[in-house]
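*Asks:* input_23.txt (compact mmCIF, C-alpha atoms) pasted underneath:
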```txt
# COMPACT_ATOMS: atom_id res chain seq x y z
CA TYR X 6 0.00 0.00 0.00
CA THR X 7 2.75 2.45 0.94
CA ALA X 8 4.65 1.74 -2.28
CA SER X 9 1.54 2.42 -4.35
CA LYS X 10 0.34 5.44 -2.38
CA TYR X 11 3.45 7.49 -3.09
CA PRO X 12 4.57 7.73 -6.73
CA ARG X 13 7.80 5.90 -7.51
CA LYS X 14 10.88 7.94 -8.32
CA ILE X 15 12.75 8.09 -11.63
CA MET X 16 15.96 6.06 -11.22
CA VAL X 17 19.13 6.98 -13.11
CA SER X 18 22.39 4.99 -13.22
CA VAL X 19 25.44 6.90 -14.49
CA VAL X 20 28.57 5.16 -15.79
CA GLU X 21 31.63 6.78 -17.35
CA LEU X 22 33.19 4.90 -20.26
CA LYS X 23 36.91 5.35 -20.83
CA ASP X 24 37.13 4.41 -24.49
CA PRO X 25 35.71 6.42 -26.12
CA HIS X 26 35.15 9.07 -23.46
CA GLN X 27 31.41 8.92 -22.90
CA VAL X 28 28.85 8.81 -20.14
CA THR X 29 25.93 6.38 -20.17
CA LEU X 30 22.66 7.14 -18.44
CA GLN X 31 20.28 4.27 -17.75
CA VAL X 32 16.97 5.95 -17.01
CA ASP X 33 14.05 4.02 -15.52
CA THR X 34 10.80 5.99 -15.41
CA PRO X 35 7.70 4.66 -13.61
CA MET X 36 4.42 4.72 -15.53
CA ALA X 37 0.93 4.95 -14.08
CA SER X 38 -0.93 1.71 -13.45
CA ARG X 39 -3.76 4.11 -12.68
CA THR X 40 -3.75 7.91 -12.60
CA ALA X 41 -5.21 9.88 -9.70
CA HIS X 42 -7.80 11.25 -12.14
CA GLN X 43 -8.95 7.73 -13.03
CA LEU X 44 -9.07 6.70 -9.38
CA THR X 45 -10.98 9.71 -8.08
CA ALA X 46 -13.56 9.21 -10.85
CA MET X 47 -14.58 5.92 -9.19
CA PRO X 48 -17.50 6.36 -6.78
CA ASN X 49 -16.31 3.53 -4.51
CA ALA X 50 -13.96 0.56 -4.29
CA GLU X 51 -16.61 -1.85 -5.59
CA THR X 52 -16.36 -0.27 -9.05
CA PHE X 53 -12.85 -1.72 -9.47
CA LEU X 54 -12.89 -4.46 -12.11
CA GLY X 55 -12.90 -7.83 -10.37
CA TYR X 56 -13.27 -6.33 -6.89
CA ALA X 57 -15.64 -9.05 -5.70
CA GLN X 58 -13.05 -11.73 -6.48
CA MET X 59 -10.07 -9.94 -4.91
CA SER X 60 -8.56 -11.26 -1.71
CA LYS X 61 -9.57 -9.50 1.51
CA GLU X 62 -6.09 -7.99 1.65
CA GLU X 63 -6.42 -6.56 -1.88
CA GLN X 64 -9.88 -5.20 -1.13
CA ARG X 65 -8.58 -3.53 2.04
CA VAL X 66 -5.73 -1.92 0.08
CA ILE X 67 -8.12 -0.58 -2.58
CA LYS X 68 -10.56 0.83 0.00
CA THR X 69 -7.81 2.50 2.02
CA PHE X 70 -6.13 3.78 -1.12
CA LEU X 71 -9.27 5.41 -2.51
CA ALA X 72 -10.22 6.85 0.88
CA GLY X 73 -6.92 8.75 1.01
CA LEU X 74 -7.19 10.31 -2.46
CA THR X 75 -8.55 13.76 -3.17
CA GLU X 76 -9.81 15.24 -6.42
CA GLU X 77 -6.88 17.67 -6.39
CA GLU X 78 -4.23 14.94 -6.61
CA GLU X 79 -2.24 15.02 -9.85
CA SER X 80 0.05 12.07 -9.21
CA ASP X 81 0.20 8.78 -11.06
CA PHE X 82 0.44 5.53 -9.13
CA THR X 83 2.29 2.32 -9.98
CA TRP X 84 1.06 -0.95 -8.49
CA SER X 85 3.63 -3.26 -6.96
CA SER X 86 4.29 -6.52 -8.80
CA ARG X 87 2.70 -8.22 -5.78
CA ALA X 88 -0.65 -6.58 -6.62
CA ARG X 89 -1.44 -9.09 -9.33
CA GLY X 90 -5.19 -9.12 -8.80
CA VAL X 91 -5.69 -5.38 -9.16
CA PRO X 92 -6.56 -3.93 -12.61
CA GLY X 93 -3.76 -2.10 -14.38
CA PRO X 94 -0.23 -3.19 -15.39
CA ALA X 95 1.95 -3.72 -12.30
CA ASN X 96 5.59 -2.69 -11.89
CA TYR X 97 5.00 -0.60 -15.00
CA GLY X 98 7.63 1.73 -16.46
CA GLU X 99 9.93 2.73 -19.30
CA HIS X 100 13.65 2.07 -19.61
CA GLU X 101 16.02 4.16 -21.72
CA LEU X 102 19.77 4.21 -22.41
CA ILE X 103 21.24 7.63 -23.19
CA LEU X 104 24.82 8.07 -24.41
CA LEU X 105 26.50 11.44 -23.87
CA ASP X 106 29.77 12.53 -25.48
CA LYS X 107 32.46 14.50 -23.63
CA GLU X 108 30.60 17.73 -24.41
CA GLY X 109 27.39 16.41 -22.88
CA LYS X 110 25.57 15.97 -26.18
CA LYS X 111 23.53 12.87 -27.02
CA SER X 112 25.37 10.47 -29.30
CA GLY X 113 25.00 6.99 -30.74
CA LEU X 114 21.66 5.46 -31.69
CA LEU X 115 18.90 7.79 -30.50
CA LEU X 116 16.20 5.28 -29.63
CA ASN X 117 12.84 5.54 -27.89
CA PRO X 118 12.56 3.90 -24.44
CA ALA X 119 11.47 0.29 -24.02
CA SER X 120 8.33 -0.45 -21.99
CA ARG X 121 8.43 -2.98 -19.13
CA SER X 122 5.93 -4.42 -16.66
CA SER X 123 4.91 -7.48 -14.74
CA VAL X 124 3.30 -10.11 -16.94
CA VAL X 125 0.21 -8.64 -18.64
CA THR X 126 -1.98 -11.60 -17.64
CA PRO X 127 -3.01 -11.07 -13.97
CA ARG X 128 -1.39 -14.07 -12.30
CA ASP X 129 -3.35 -13.97 -9.05
CA VAL X 130 -6.64 -13.79 -10.97
CA VAL X 131 -5.57 -16.87 -12.97
CA LYS X 132 -5.01 -18.69 -9.67
CA ARG X 133 -8.64 -18.07 -8.70
CA GLY X 134 -9.61 -20.72 -11.22
CA LYS X 135 -12.86 -21.48 -13.00
CA GLN X 136 -14.91 -18.61 -11.56
CA ALA X 137 -12.60 -15.93 -12.98
CA GLU X 138 -12.34 -17.82 -16.27
CA THR X 139 -16.12 -18.23 -16.52
CA ASP X 140 -16.66 -14.53 -15.85
CA GLY X 141 -14.17 -13.70 -18.60
CA LEU X 142 -12.30 -11.60 -16.05
CA ILE X 143 -8.84 -12.91 -16.99
CA LYS X 144 -9.26 -12.08 -20.69
CA ILE X 145 -10.72 -8.66 -19.94
CA MET X 146 -7.89 -7.70 -17.58
CA THR X 147 -5.24 -9.08 -19.95
CA LYS X 148 -6.70 -7.16 -22.89
CA ASN X 149 -7.01 -3.99 -20.82
CA ASN X 150 -3.38 -4.21 -19.67
CA ILE X 151 -2.07 -4.74 -23.21
CA THR X 152 -4.24 -1.95 -24.59
CA GLN X 153 -3.16 0.46 -21.84
CA ILE X 154 0.55 -0.19 -22.44
CA ILE X 155 0.16 0.42 -26.19
CA GLN X 156 -2.11 3.43 -25.71
CA ASP X 157 0.17 5.08 -23.13
CA TYR X 158 3.28 4.59 -25.25
CA VAL X 159 1.80 5.91 -28.49
CA GLN X 160 0.25 8.93 -26.74
CA LYS X 161 3.52 9.79 -24.98
CA ARG X 162 5.52 9.65 -28.23
CA TYR X 163 2.85 11.73 -30.00
CA ASP X 164 2.79 14.40 -27.29
CA ALA X 165 6.58 14.80 -27.47
CA LEU X 166 6.48 15.77 -31.16
CA PRO X 167 6.14 19.30 -32.57
CA ASP X 168 2.87 19.98 -34.39
CA GLU X 169 4.33 19.53 -37.87
CA LYS X 170 5.63 16.06 -36.95
CA GLN X 171 2.39 14.84 -35.37
CA VAL X 172 0.63 14.53 -38.73
CA GLU X 173 3.52 12.44 -40.03
CA PHE X 174 3.35 10.26 -36.89
CA ILE X 175 -0.35 9.56 -37.43
CA GLU X 176 0.35 8.52 -41.02
CA ARG X 177 2.98 6.08 -39.74
CA LEU X 178 0.40 4.53 -37.42
CA LYS X 179 -2.23 4.18 -40.14
CA GLN X 180 0.20 2.80 -42.71
CA GLY X 181 1.65 0.18 -40.35
CA SER X 182 5.10 1.80 -40.05
CA PHE X 183 4.97 1.88 -36.24
CA PRO X 184 5.74 -1.69 -35.09
CA ILE X 185 4.32 -3.04 -31.82
CA LEU X 186 6.16 -5.91 -30.06
CA LEU X 187 4.74 -7.58 -26.94
CA GLN X 188 7.51 -9.86 -25.72
CA THR X 189 7.28 -12.17 -22.70
CA LEU X 190 10.07 -14.07 -20.96
CA VAL X 191 8.09 -16.80 -19.18
CA ASN X 192 8.13 -20.59 -19.18
CA ASP X 193 5.84 -22.36 -21.62
CA TYR X 194 4.81 -24.90 -18.97
CA SER X 195 2.56 -24.84 -15.91
CA PRO X 196 2.11 -22.69 -13.88
CA ASP X 197 3.26 -19.97 -16.30
CA LYS X 198 1.76 -21.52 -19.46
CA SER X 199 -1.69 -20.10 -18.80
CA LEU X 200 -0.18 -16.62 -18.43
CA LEU X 201 1.35 -16.99 -21.87
CA ASP X 202 -1.77 -18.56 -23.41
CA TYR X 203 -4.07 -15.70 -22.40
CA LYS X 204 -1.58 -13.10 -23.65
CA GLU X 205 -1.17 -14.93 -26.98
CA GLU X 206 -4.94 -15.26 -27.41
CA ILE X 207 -5.38 -11.48 -27.10
CA MET X 208 -2.38 -10.77 -29.34
CA ASP X 209 -3.64 -13.25 -31.97
CA PHE X 210 -6.90 -11.29 -32.03
CA TYR X 211 -4.97 -8.04 -32.56
CA LYS X 212 -2.79 -9.64 -35.24
CA ASN X 213 -5.97 -10.58 -37.10
CA GLN X 214 -8.03 -7.43 -36.48
CA GLY X 215 -5.51 -4.64 -35.80
CA ILE X 216 -5.42 -2.41 -32.73
CA SER X 217 -7.63 0.66 -32.27
CA ILE X 218 -6.09 3.47 -30.22
CA HIS X 219 -7.18 6.97 -29.28
CA LEU X 220 -4.90 9.98 -29.57
CA ARG X 221 -5.76 13.03 -27.49
CA ASN X 222 -4.97 16.35 -29.13
CA SER X 223 -6.14 19.65 -27.63
CA GLY X 224 -8.80 17.82 -25.63
CA VAL X 225 -10.18 15.96 -28.66
CA ASP X 226 -9.91 12.18 -29.03
CA GLU X 227 -9.32 10.73 -32.48
CA GLN X 228 -9.38 6.97 -33.12
CA TYR X 229 -6.82 5.26 -35.35
CA ARG X 230 -6.14 1.64 -36.22
CA ILE X 231 -2.68 0.06 -36.20
CA PRO X 232 -2.65 -2.53 -39.05
CA THR X 233 -2.09 -6.22 -38.40
CA LYS X 234 1.23 -6.34 -40.25
CA ALA X 235 2.86 -4.13 -37.59
CA ILE X 236 1.84 -6.23 -34.56
CA PHE X 237 4.17 -8.90 -33.12
CA SER X 238 4.12 -11.19 -30.09
CA THR X 239 6.97 -13.47 -28.94
CA ASN X 240 8.09 -15.43 -25.89
CA HIS X 241 11.56 -16.63 -24.89
CA PRO X 242 12.15 -18.80 -21.79
CA PHE X 243 15.24 -17.88 -19.76
CA THR X 244 15.24 -20.40 -16.91
CA ASN X 245 17.63 -23.36 -17.16
CA PHE X 246 15.24 -26.27 -17.72
CA PHE X 247 12.74 -24.59 -20.05
CA ARG X 248 15.27 -22.99 -22.38
CA TRP X 249 16.37 -26.54 -23.20
CA THR X 250 12.96 -28.20 -23.41
CA ASN X 251 11.17 -25.49 -25.40
CA PRO X 252 13.65 -23.04 -26.96
CA THR X 253 12.89 -20.69 -29.83
CA ARG X 254 12.86 -22.84 -32.99
CA GLU X 255 12.68 -21.90 -36.64
CA LYS X 256 9.48 -23.94 -37.15
CA GLY X 257 7.97 -22.97 -33.79
CA ALA X 258 5.37 -20.24 -33.30
CA HIS X 259 7.75 -17.75 -31.71
CA GLY X 260 10.53 -18.52 -34.16
CA GLN X 261 8.12 -17.89 -37.03
CA GLU X 262 7.02 -14.65 -35.39
CA GLY X 263 10.65 -13.58 -35.05
CA LEU X 264 11.23 -14.28 -38.75
CA ARG X 265 8.10 -12.28 -39.60
CA LEU X 266 9.63 -9.38 -37.65
CA VAL X 267 12.86 -9.82 -39.62
CA ALA X 268 10.97 -9.55 -42.93
CA TYR X 269 9.07 -6.51 -41.69
CA ALA X 270 12.32 -4.82 -40.57
CA LYS X 271 14.01 -5.53 -43.91
CA GLY X 272 11.10 -3.93 -45.74
CA PHE X 273 11.13 -0.99 -43.34
CA ALA X 274 14.87 -0.41 -43.88
CA GLN X 275 14.48 -0.51 -47.65
CA GLN X 276 12.02 2.39 -47.43
CA LEU X 277 14.56 4.56 -45.60
CA GLU X 278 16.84 6.94 -47.41
CA ASP X 279 20.38 5.65 -47.94
CA SER X 280 21.64 8.46 -45.72
CA SER X 281 19.52 7.31 -42.77
CA PRO X 282 21.74 6.23 -39.83
CA ALA X 283 19.21 3.50 -38.96
CA GLN X 284 19.31 1.65 -42.29
CA LYS X 285 22.58 -0.25 -41.85
CA PRO X 286 22.08 -1.33 -38.20
CA ILE X 287 18.51 -2.50 -38.91
CA HIS X 288 19.76 -4.75 -41.73
CA GLU X 289 22.61 -5.99 -39.54
CA VAL X 290 20.44 -6.93 -36.55
CA ALA X 291 17.77 -8.46 -38.81
CA ASP X 292 20.42 -10.71 -40.39
CA LYS X 293 21.79 -11.74 -36.98
CA LEU X 294 18.32 -12.51 -35.62
CA LYS X 295 17.38 -14.55 -38.68
CA ALA X 296 20.60 -16.57 -38.53
CA LEU X 297 20.17 -17.29 -34.83
CA ILE X 298 16.54 -18.39 -35.13
CA GLU X 299 17.36 -20.65 -38.09
CA LYS X 300 20.32 -22.22 -36.30
CA SER X 301 19.37 -25.32 -34.34
CA PRO X 302 19.29 -24.74 -30.57
CA ALA X 303 21.38 -27.92 -30.21
CA THR X 304 24.32 -26.18 -31.86
CA ALA X 305 24.49 -23.58 -29.09
CA HIS X 306 27.19 -23.97 -26.46
CA LEU X 307 26.06 -26.28 -23.67
CA LEU X 308 26.62 -23.67 -20.97
CA ASN X 309 25.33 -20.78 -23.08
CA GLN X 310 21.93 -22.01 -24.22
CA GLY X 311 20.33 -19.30 -22.09
CA GLY X 312 22.49 -16.80 -23.93
CA ARG X 313 20.82 -17.81 -27.20
CA GLU X 314 17.35 -16.93 -25.91
CA LEU X 315 18.76 -13.72 -24.42
CA PHE X 316 20.38 -12.70 -27.71
CA ILE X 317 17.16 -13.40 -29.63
CA ALA X 318 15.14 -11.31 -27.15
CA SER X 319 17.63 -8.43 -27.35
CA TYR X 320 17.81 -8.52 -31.15
CA GLU X 321 14.00 -8.31 -31.34
CA GLN X 322 13.89 -5.34 -28.98
CA LEU X 323 16.71 -3.58 -30.86
CA LEU X 324 14.95 -4.00 -34.20
CA VAL X 325 11.69 -2.49 -32.97
CA GLN X 326 13.44 0.36 -31.16
CA MET X 327 15.53 1.22 -34.22
CA MET X 328 12.31 1.40 -36.25
CA GLY X 329 10.88 3.83 -33.70
CA GLY X 330 8.16 1.45 -32.47
CA LEU X 331 7.04 0.04 -29.13
CA ALA X 332 9.18 -2.75 -27.64
CA ALA X 333 7.19 -3.83 -24.57
CA GLY X 334 8.27 -6.77 -22.45
CA SER X 335 7.63 -8.62 -19.23
CA CYS X 336 8.48 -11.61 -17.13
CA VAL X 337 6.24 -12.62 -14.20
CA SER X 338 7.35 -9.77 -11.91
CA GLY X 339 9.09 -7.56 -14.47
CA LYS X 340 12.09 -7.37 -12.13
CA ASP X 341 14.52 -10.18 -12.93
CA ARG X 342 14.35 -11.78 -16.38
CA LYS X 343 13.11 -8.56 -17.98
CA ALA X 344 15.80 -6.57 -16.14
CA ILE X 345 18.48 -8.95 -17.46
CA GLU X 346 17.22 -8.47 -21.02
CA LEU X 347 17.14 -4.67 -20.69
CA LEU X 348 20.71 -4.55 -19.32
CA HIS X 349 21.91 -6.97 -22.01
CA THR X 350 20.32 -4.86 -24.74
CA ASP X 351 21.88 -1.71 -23.25
CA ALA X 352 25.28 -3.42 -23.37
CA MET X 353 24.70 -4.24 -27.05
CA LYS X 354 23.98 -0.57 -27.78
CA ILE X 355 27.19 0.50 -26.02
CA TYR X 356 29.14 -2.18 -27.88
CA TYR X 357 27.76 -0.85 -31.16
CA GLN X 358 28.82 2.67 -30.25
CA GLN X 359 32.36 1.51 -29.48
CA ASN X 360 32.84 -0.99 -32.31
CA GLY X 361 30.53 0.09 -35.13
CA GLU X 362 28.72 -3.27 -35.12
CA PHE X 363 26.52 -5.32 -32.82
CA PRO X 364 27.86 -8.35 -30.94
CA ASP X 365 27.19 -11.76 -32.42
CA PHE X 366 26.03 -14.80 -30.43
CA GLU X 367 28.77 -16.94 -31.95
CA ASP X 368 31.38 -14.68 -30.34
CA SER X 369 29.64 -14.37 -26.99
CA LYS X 370 32.05 -16.81 -25.29
CA LYS X 371 34.99 -14.69 -26.42
CA ASP X 372 35.77 -10.99 -26.30
CA ASN X 373 32.22 -9.70 -26.71
CA ILE X 374 31.04 -10.99 -23.37
```
Can I see the file as structure tokens?
*Replies:*
Amino acid sequence: YTASKYPRKIMVSVVELKDPHQVTLQVDTPMASRTAHQLTAMPNAETFLGYAQMSKEEQRVIKTFLAGLTEEEESDFTWSSRARGVPGPANYGEHELILLDKEGKKSGLLLNPASRSSVVTPRDVVKRGKQAETDGLIKIMTKNNITQIIQDYVQKRYDALPDEKQVEFIERLKQGSFPILLQTLVNDYSPDKSLLDYKEEIMDFYKNQGISIHLRNSGVDEQYRIPTKAIFSTNHPFTNFFRWTNPTREKGAHGQEGLRLVAYAKGFAQQLEDSSPAQKPIHEVADKLKALIEKSPATAHLLNQGGRELFIASYEQLLVQMMGGLAAGSCVSGKDRKAIELLHTDAMKIYYQQNGEFPDFEDSKKDNI
């Protein structure tokens, strides 16, 4: 309750690199699971989605939380990853790597932040069993979480643009040039399998129908549809047993989805001007991702099989970020496996800045590590 009641702080890690002389800033910004405006609009705790099925502890938190809010509050509130039965993405935030040269100017690949959260399927609601499933509560909450993450990200990028660029941004959305990746890092076996299944069911619907979002501009909401070709959903298990028993395979669903992302990225890069700084690295990462997916998992080093899944996850995130889209990811809590992937991807970006190319999985046991 205390962690939710007071907005989380922006966390920044600063590291000085000696060669070349640069400073890296890793910036982690909390996002609102629910805004104070949304919360104060609720007449009482019972209007929370799924309130009747929450535990007594969760109900007590919600009641106490709402009782302490006032209409004047302007803060946003982030649920803890332990609040997995409360509507809204938990442990929700954005992560960004910023490279500064010796004069304090931004350098390197200027990429949008990545989005991170606890798993979008509410785990504690899943545990409640048939009643929640019968009520459709799990699907509703999963869909709402996914939609909120996409909606928040697109709106934030739109708001940051000058007026003349906003029209161009909207055209990108409508034409399918703004890729959306929902990546999970969970095990494809019980008890996590149901978390993945619900997420994939919602994402399959979006991949068939597209995603409708609302952009607020000067108090007016306009609805736009993100085409199916720009929507991607993958999963990569990191834990020791599951990365061996069900790794990303060329013929598997998530391997095929990764290859679809590769084809999309190649087409995207071909549309860029030859002078674009993003064209070459997009082609490079797309080639590396394709080669790694098509390579049999059995050929990976025995002690580095987890590294293969990690490299695939990082390559996917890099591709989407370099195309200016949304790379959103989660593990169960959003704190460990997702944190490892974010740090690994940051290291790849720094490596690119220092060496002019991205690290390759085949070299990961050597100097690149």
*Asks:* Could you give me, as a PDB file with C-alpha atoms, keeping the file's coordinate frame, the residues within 8 Å of region 316-331 of chain X, counting all atoms listed in the file and dropping anything in the same chain fewer than 6 positions from it?
*Replies:*
```
ATOM      1  CA  LEU X 114      21.660   5.460 -31.690  1.00  0.00           C
ATOM      2  CA  LEU X 116      16.200   5.280 -29.630  1.00  0.00           C
ATOM      3  CA  ASN X 117      12.840   5.540 -27.890  1.00  0.00           C
ATOM      4  CA  PRO X 118      12.560   3.900 -24.440  1.00  0.00           C
ATOM      5  CA  ALA X 119      11.470   0.290 -24.020  1.00  0.00           C
ATOM      6  CA  SER X 120       8.330  -0.450 -21.990  1.00  0.00           C
ATOM      7  CA  ILE X 155       0.160   0.420 -26.190  1.00  0.00           C
ATOM      8  CA  TYR X 158       3.280   4.590 -25.250  1.00  0.00           C
ATOM      9  CA  VAL X 159       1.800   5.910 -28.490  1.00  0.00           C
ATOM     10  CA  PHE X 183       4.970   1.880 -36.240  1.00  0.00           C
ATOM     11  CA  PRO X 184       5.740  -1.690 -35.090  1.00  0.00           C
ATOM     12  CA  ILE X 185       4.320  -3.040 -31.820  1.00  0.00           C
ATOM     13  CA  LEU X 186       6.160  -5.910 -30.060  1.00  0.00           C
ATOM     14  CA  GLN X 188       7.510  -9.860 -25.720  1.00  0.00           C
ATOM     15  CA  HIS X 241      11.560 -16.630 -24.890  1.00  0.00           C
ATOM     16  CA  GLY X 263      10.650 -13.580 -35.050  1.00  0.00           C
ATOM     17  CA  LEU X 266       9.630  -9.380 -37.650  1.00  0.00           C
ATOM     18  CA  ALA X 270      12.320  -4.820 -40.570  1.00  0.00           C
ATOM     19  CA  PHE X 273      11.130  -0.990 -43.340  1.00  0.00           C
ATOM     20  CA  ALA X 283      19.210   3.500 -38.960  1.00  0.00           C
ATOM     21  CA  ILE X 287      18.510  -2.500 -38.910  1.00  0.00           C
ATOM     22  CA  VAL X 290      20.440  -6.930 -36.550  1.00  0.00           C
ATOM     23  CA  ALA X 291      17.770  -8.460 -38.810  1.00  0.00           C
ATOM     24  CA  LYS X 293      21.790 -11.740 -36.980  1.00  0.00           C
ATOM     25  CA  LEU X 294      18.320 -12.510 -35.620  1.00  0.00           C
ATOM     26  CA  LEU X 297      20.170 -17.290 -34.830  1.00  0.00           C
ATOM     27  CA  ILE X 298      16.540 -18.390 -35.130  1.00  0.00           C
ATOM     28  CA  GLU X 346      17.220  -8.470 -21.020  1.00  0.00           C
ATOM     29  CA  LEU X 347      17.140  -4.670 -20.690  1.00  0.00           C
ATOM     30  CA  HIS X 349      21.910  -6.970 -22.010  1.00  0.00           C
ATOM     31  CA  THR X 350      20.320  -4.860 -24.740  1.00  0.00           C
ATOM     32  CA  PHE X 366      26.030 -14.800 -30.430  1.00  0.00           C
TER      33      PHE X 366
END
```
*Asks:* What's the separation between CA of Asp168 (chain X) and CA of Arg121 (chain X), in Å to one decimal place?
*Replies:* 28.1 Å
*Asks:* From the set X:Cys336, X:Ile143, X:Met208, X:Val17, which residue has the shortest atom-to-atom contact distance to Thr29 (chain X), counting only C-alpha atoms?
*Replies:*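 The shortest atom-to-atom distance to Thr29 (chain X) comes from X:Val17.
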*Asks:* Work out how far CA of Arg128 (chain X) is from CA of Leu187 (chain X), in Å to one decimal.
*Replies:*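 Atom-to-atom, CA of Leu187 (chain X) and CA of Arg128 (chain X) are spaced 17.1 Å apart.
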*Asks:* Out of X:His100, X:Leu44, X:Tyr357, X:Asp341, which residue has the shortest atom-to-atom distance to Glu289 (chain X) when counting only C-alpha atoms?
*Replies:*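 Between X:His100, X:Leu44, X:Tyr357, X:Asp341, the residue approaching Glu289 (chain X) most closely is X:Tyr357.
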*Asks:* Which value, in Å to one decimal, gives the distance between CA of Met59 (chain X) and CA of Thr40 (chain X)?
*Replies:* 20.4 Å
*Asks:* Any idea what's packed within 9 Å of Gly181 (chain X), counting all atoms listed in the file, ignoring anything in its chain fewer than 5 positions away? Could you give it as a ChimeraX atom specification?
*Replies:* /X:176,230-236
*Asks:* Fewer than 2 positions away in the same chain doesn't count, so skip those; otherwise give me all residues within 12 Å of region 191-196 of chain X, counting only C-alpha atoms, as a PyMOL selection string.
*Replies:* chain X and resi 123-126+128-129+131-132+188-189+198-205+239-253+258-259+314+318+334-339+341-343
*Asks:* Please determine, counting all atoms listed in the file, which residue among X:Lys14, X:Glu51, X:Asp33, X:Pro127 has the shortest atom-to-atom distance to Leu348 (chain X).
*Replies:*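 Between X:Lys14, X:Glu51, X:Asp33, X:Pro127, the residue approaching Leu348 (chain X) most closely is X:Asp33.
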*Asks:* Ranking X:Asn149, X:Gly113, X:Leu264, X:Gln58 by minimum distance to Pro92 (chain X) and counting only C-alpha atoms, which one comes first?
*Replies:*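 Nearest to Pro92 (chain X): X:Asn149.
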*Asks:* Which residues come within 10 Å of Gln275 (chain X), counting all atoms listed in the file, excluding same-chain residues fewer than 4 positions away, as a list in words?
*Replies:*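 Here the qualifying residues turn out to be Ala270, Lys271, Asp279, Gln284, Lys285, Ile287 and His288 of chain X.
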*Asks:* So which one's closest to Val28 (chain X), X:Gln160, X:Thr83, X:Thr52, X:Ser112? Using only C-alpha atoms, please.
*Replies:*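 Nearest candidate to Val28 (chain X) out of X:Gln160, X:Thr83, X:Thr52, X:Ser112: X:Ser112.
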*Asks:* From the list X:Val91, X:Ile355, X:Met16, X:Ile207, which residue is nearest Gln64 (chain X) when using only C-alpha atoms?
*Replies:*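 Answer, going by the shortest atom-to-atom distance: X:Val91.
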